[in-house]
Every structure is written in structure tokens, then in C-alpha cells.
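Q: For reference, the file upload_20.pdb (PDB, C-alpha atoms, pLDDT in the B column) is included below:
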ATOM      1  CA  MET C1375      62.466 117.810  60.378  1.00 52.00           C
ATOM      2  CA  SER C1376      63.947 120.416  58.096  1.00 59.00           C
ATOM      3  CA  LEU C1377      67.024 122.454  58.899  1.00 71.00           C
ATOM      4  CA  PRO C1378      65.949 126.023  58.093  1.00 95.00           C
ATOM      5  CA  GLU C1379      68.471 128.634  57.046  1.00 97.00           C
ATOM      6  CA  LEU C1380      68.559 132.313  56.310  1.00 97.00           C
ATOM      7  CA  THR C1381      71.078 134.313  54.323  1.00 97.00           C
ATOM      8  CA  PRO C1382      73.177 137.118  55.798  1.00 98.00           C
ATOM      9  CA  GLU C1383      71.079 139.584  53.809  1.00 98.00           C
ATOM     10  CA  GLN C1384      67.836 138.172  55.226  1.00 97.00           C
ATOM     11  CA  LEU C1385      69.246 138.451  58.753  1.00 98.00           C
ATOM     12  CA  ARG C1386      70.339 142.052  58.114  1.00 98.00           C
ATOM     13  CA  ASP C1387      66.871 142.938  56.824  1.00 98.00           C
ATOM     14  CA  ARG C1388      65.073 141.302  59.756  1.00 98.00           C
ATOM     15  CA  LEU C1389      67.330 143.080  62.272  1.00 97.00           C
ATOM     16  CA  ALA C1390      66.890 146.398  60.429  1.00 97.00           C
ATOM     17  CA  ALA C1391      63.110 145.931  60.573  1.00 98.00           C
ATOM     18  CA  GLY C1392      63.365 145.696  64.362  1.00 97.00           C
ATOM     19  CA  GLU C1393      62.389 142.033  64.583  1.00 97.00           C
ATOM     20  CA  THR C1394      63.189 140.454  67.930  1.00 96.00           C
ATOM     21  CA  LEU C1395      65.684 137.679  67.279  1.00 98.00           C
ATOM     22  CA  GLN C1396      67.939 135.760  69.635  1.00 98.00           C
ATOM     23  CA  LEU C1397      71.395 135.444  68.082  1.00 98.00           C
ATOM     24  CA  ILE C1398      73.373 132.488  69.438  1.00 98.00           C
ATOM     25  CA  ASP C1399      77.025 132.170  68.422  1.00 98.00           C
ATOM     26  CA  VAL C1400      78.293 128.592  68.855  1.00 98.00           C
ATOM     27  CA  ARG C1401      81.968 129.295  68.076  1.00 98.00           C
ATOM     28  CA  GLU C1402      84.786 129.157  70.610  1.00 98.00           C
ATOM     29  CA  PRO C1403      85.414 132.100  72.981  1.00 98.00           C
ATOM     30  CA  GLU C1404      88.575 133.219  71.148  1.00 98.00           C
ATOM     31  CA  GLU C1405      86.697 133.304  67.817  1.00 98.00           C
ATOM     32  CA  TYR C1406      83.861 135.286  69.400  1.00 98.00           C
ATOM     33  CA  ALA C1407      86.351 137.709  70.977  1.00 98.00           C
ATOM     34  CA  TYR C1408      87.895 138.359  67.549  1.00 97.00           C
ATOM     35  CA  CYS C1409      84.642 139.124  65.737  1.00 97.00           C
ATOM     36  CA  ARG C1410      80.912 138.795  66.324  1.00 97.00           C
ATOM     37  CA  ILE C1411      77.543 140.073  65.180  1.00 97.00           C
ATOM     38  CA  GLU C1412      76.417 142.841  67.507  1.00 94.00           C
ATOM     39  CA  GLY C1413      73.904 141.567  70.040  1.00 96.00           C
ATOM     40  CA  SER C1414      74.853 137.913  69.747  1.00 98.00           C
ATOM     41  CA  GLN C1415      75.287 135.646  72.765  1.00 98.00           C
ATOM     42  CA  LEU C1416      78.125 133.129  73.016  1.00 98.00           C
ATOM     43  CA  ILE C1417      77.214 129.512  73.779  1.00 98.00           C
ATOM     44  CA  PRO C1418      80.072 127.368  72.420  1.00 98.00           C
ATOM     45  CA  LEU C1419      78.915 124.184  70.702  1.00 98.00           C
ATOM     46  CA  GLY C1420      80.566 122.057  73.385  1.00 97.00           C
ATOM     47  CA  GLU C1421      78.495 123.783  76.087  1.00 98.00           C
ATOM     48  CA  LEU C1422      75.175 123.652  74.243  1.00 97.00           C
ATOM     49  CA  ALA C1423      73.876 120.484  75.925  1.00 96.00           C
ATOM     50  CA  ARG C1424      74.123 121.974  79.420  1.00 97.00           C
ATOM     51  CA  ARG C1425      73.128 125.506  78.387  1.00 98.00           C
ATOM     52  CA  ALA C1426      70.191 124.672  76.100  1.00 97.00           C
ATOM     53  CA  ASP C1427      67.810 126.303  78.601  1.00 96.00           C
ATOM     54  CA  GLU C1428      69.290 129.674  77.546  1.00 98.00           C
ATOM     55  CA  ILE C1429      67.751 129.231  74.088  1.00 97.00           C
ATOM     56  CA  GLY C1430      64.417 131.035  73.866  1.00 95.00           C
ATOM     57  CA  GLU C1431      61.276 129.347  72.595  1.00 94.00           C
ATOM     58  CA  GLU C1432      59.143 132.423  71.884  1.00 93.00           C
ATOM     59  CA  GLN C1433      61.124 134.344  69.261  1.00 96.00           C
ATOM     60  CA  PRO C1434      63.179 133.152  66.275  1.00 97.00           C
ATOM     61  CA  VAL C1435      66.683 131.999  67.216  1.00 98.00           C
ATOM     62  CA  VAL C1436      69.528 132.433  64.704  1.00 98.00           C
ATOM     63  CA  LEU C1437      72.495 130.116  65.196  1.00 98.00           C
ATOM     64  CA  ILE C1438      75.874 131.441  64.045  1.00 98.00           C
ATOM     65  CA  CYS C1439      79.351 129.965  63.584  1.00 98.00           C
ATOM     66  CA  HIS C1440      82.313 130.573  61.259  1.00 98.00           C
ATOM     67  CA  HIS C1441      80.988 129.020  58.022  1.00 98.00           C
ATOM     68  CA  GLY C1442      77.620 127.546  59.033  1.00 96.00           C
ATOM     69  CA  VAL C1443      78.650 123.959  59.814  1.00 96.00           C
ATOM     70  CA  ARG C1444      78.787 123.997  63.633  1.00 97.00           C
ATOM     71  CA  SER C1445      75.636 126.115  63.792  1.00 98.00           C
ATOM     72  CA  MET C1446      73.854 123.550  61.611  1.00 97.00           C
ATOM     73  CA  GLN C1447      74.977 120.821  64.037  1.00 97.00           C
ATOM     74  CA  ALA C1448      73.637 122.937  66.911  1.00 97.00           C
ATOM     75  CA  LEU C1449      70.336 123.430  65.099  1.00 97.00           C
ATOM     76  CA  ALA C1450      69.934 119.696  64.428  1.00 96.00           C
ATOM     77  CA  TYR C1451      70.729 118.906  68.073  1.00 97.00           C
ATOM     78  CA  LEU C1452      68.283 121.488  69.459  1.00 97.00           C
ATOM     79  CA  GLN C1453      65.522 120.343  67.097  1.00 95.00           C
ATOM     80  CA  HIS C1454      66.050 116.648  67.820  1.00 95.00           C
ATOM     81  CA  ARG C1455      66.799 116.698  71.556  1.00 96.00           C
ATOM     82  CA  HIS C1456      64.783 119.700  72.687  1.00 96.00           C
ATOM     83  CA  GLY C1457      62.021 119.860  70.064  1.00 95.00           C
ATOM     84  CA  LEU C1458      62.681 123.512  69.205  1.00 96.00           C
ATOM     85  CA  THR C1459      60.992 124.684  66.020  1.00 95.00           C
ATOM     86  CA  ASN C1460      62.018 128.377  66.074  1.00 97.00           C
ATOM     87  CA  LEU C1461      65.611 127.893  64.883  1.00 97.00           C
ATOM     88  CA  LEU C1462      67.393 129.324  61.861  1.00 98.00           C
ATOM     89  CA  ASN C1463      70.955 128.681  60.696  1.00 98.00           C
ATOM     90  CA  LEU C1464      72.956 131.623  59.324  1.00 98.00           C
ATOM     91  CA  ARG C1465      74.015 130.273  55.926  1.00 97.00           C
ATOM     92  CA  GLY C1466      77.739 130.800  55.402  1.00 97.00           C
ATOM     93  CA  GLY C1467      78.233 131.877  59.009  1.00 98.00           C
ATOM     94  CA  ILE C1468      79.953 134.997  60.213  1.00 98.00           C
ATOM     95  CA  HIS C1469      82.345 134.773  57.263  1.00 98.00           C
ATOM     96  CA  ALA C1470      79.464 135.370  54.844  1.00 98.00           C
ATOM     97  CA  TRP C1471      78.121 138.122  57.126  1.00 98.00           C
ATOM     98  CA  SER C1472      81.508 139.887  57.003  1.00 98.00           C
ATOM     99  CA  VAL C1473      81.904 139.542  53.234  1.00 98.00           C
ATOM    100  CA  ARG C1474      78.322 140.284  52.170  1.00 98.00           C
ATOM    101  CA  VAL C1475      76.771 142.494  54.877  1.00 98.00           C
ATOM    102  CA  ASP C1476      79.190 144.105  57.327  1.00 97.00           C
ATOM    103  CA  PRO C1477      82.820 144.541  56.207  1.00 96.00           C
ATOM    104  CA  ALA C1478      83.602 146.100  59.617  1.00 96.00           C
ATOM    105  CA  VAL C1479      83.399 142.567  61.078  1.00 96.00           C
ATOM    106  CA  PRO C1480      86.883 141.034  60.578  1.00 96.00           C
ATOM    107  CA  VAL C1481      87.312 137.946  58.398  1.00 96.00           C
ATOM    108  CA  TYR C1482      89.488 135.090  59.606  1.00 95.00           C
TER     109      TYR C1482
END
Just give me the structure of the file as C-alpha cells.

A:
Amino acid sequence: MSLPELTPEQLRDRLAAGETLQLIDVREPEEYAYCRIEGSQLIPLGELARRADEIGEEQPVVLICHHGVRSMQALAYLQHRHGLTNLLNLRGGIHAWSVRVDPAVPVY
């Protein structure tokens, strides 16, 4: 199975177009408290196995972390263990979002 990604700009455009997306942030609570993409839901990577039922199957799901590594692990896990095919990884994570799309989101 492939591990599909989208760029911060593609995410911005899809949100601006009003597309219904589920944004899942797999960082730790303190990272999420510091900065997040508006509308995202926190499910730390370590809790994903027991909270996988919170991931929707109908609409696209965008997985987010700091630089895109943990979210890619989450995507691979959800594809392999739960057979989800509606997943997208935010390439470059929230760092890339902050730098390239929304400078109001703090960089760390």
C-alpha cells in the first residue's frame, strides 16, 4: 500500500474550499497545547491503537505531527492494522504548515 501525502498548501486549499476533512494530530499533549491547526483533534501516537475507532472512514483523514515522521508511522499503522484507505500525511508536519501557510502558528 502507498503512503499518501499532501503538502501544507494542498491542505490549506482543501480547507478553504470547504472540504470536510478530519484532522488528527498525533503529537504529545504539550506539543498540541503549544500550537495546532485549527479544528484538529489530538490522538497522541501512543494512544492510537486504543483510540483508532475515533478515526473516520467516510471522509479524508489528515494525520499531523511536528515534521511528518510520527504521522507517517500512524498512517502506516492505520492502513496495515485497520485497512483504512482514506488517510493522508501532512508532509513536513505542523512545522511546514507554520513556515509555508500560517505564520500565526508558532514554530518550535

Q: What gap, in Å, lies between atom CA of Asp1476 of chain C and atom CA of Ala1426 of chain C?

A: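 These two atoms are separated by 28.5 Å.
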
Q: Which is closer to Glu1412 of chain C than all the others in C:Ala1448, C:Leu1458, C:Leu1397, C:Val1436, using all atoms listed in the file?

A: C:Leu1397

Q: Output the residue selection produced by the PyMOL selection byres ((chain C and resi 1442) around 8) on the file above, formatted as a count of residues only.

A: 14

Q: Would you kindly identify which residues have an atom no farther than 12 Å from (72.3, 143.3, 68.2), using all atoms listed in the file and the file's own coordinates, and write them out as number ranges by chain?

A: C: 1385-1386, 1388-1390, 1392-1398, 1410-1415, 1436

Q: Report as a ChimeraX atom specification the residues that result from applying the PyMOL selection byres ((chain C and resi 1400) around 6) to the structure here.

A: /C:1399,1401,1417-1419,1439

Q: Identify which of the residues C:His1456, C:Glu1383, C:Tyr1451, C:Val1479 lies closest to Asp1427 of chain C, counting only C-alpha atoms when measuring atom-to-atom distances.

A: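 Counting only C-alpha atoms, the residue closest to Asp1427 of chain C is C:His1456.
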
Q: Considering all atoms listed in the file, can you say which of C:Ala1407, C:Ala1450, C:Ala1478, C:Leu1462 comes closest to Pro1378 of chain C?

A: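 Looking only at the distances to Pro1378 of chain C, the closest residue turns out to be C:Leu1462.
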
Q: Mind giving me the straight-line distance from atom CA of His1469 of chain C to atom CA of Gly1420 of chain C in Å, one decimal?

A: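 If I compute the distance from atom CA of His1469 of chain C to atom CA of Gly1420 of chain C, I get 20.6 Å.
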
Q: Quick one: everything within 12 Å of Gly1457 of chain C, counting only C-alpha atoms, minus sequence neighbours fewer than 3 positions away in the same chain. Send it as a list in words.

A: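 Here the answer would be Met1375, Ala1426, Ile1429, Glu1431, Leu1449, Ala1450, Tyr1451, Leu1452, Gln1453, His1454, Asn1460 and Leu1461 of chain C.
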
Q: Restricting the calculation to all atoms listed in the file, which member of C:Glu1404, C:Leu1437, C:Leu1416, C:Leu1422 is positioned closest to Glu1379 of chain C?

A: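 Of C:Glu1404, C:Leu1437, C:Leu1416, C:Leu1422, the one nearest Glu1379 of chain C is C:Leu1437, counting all atoms listed in the file.
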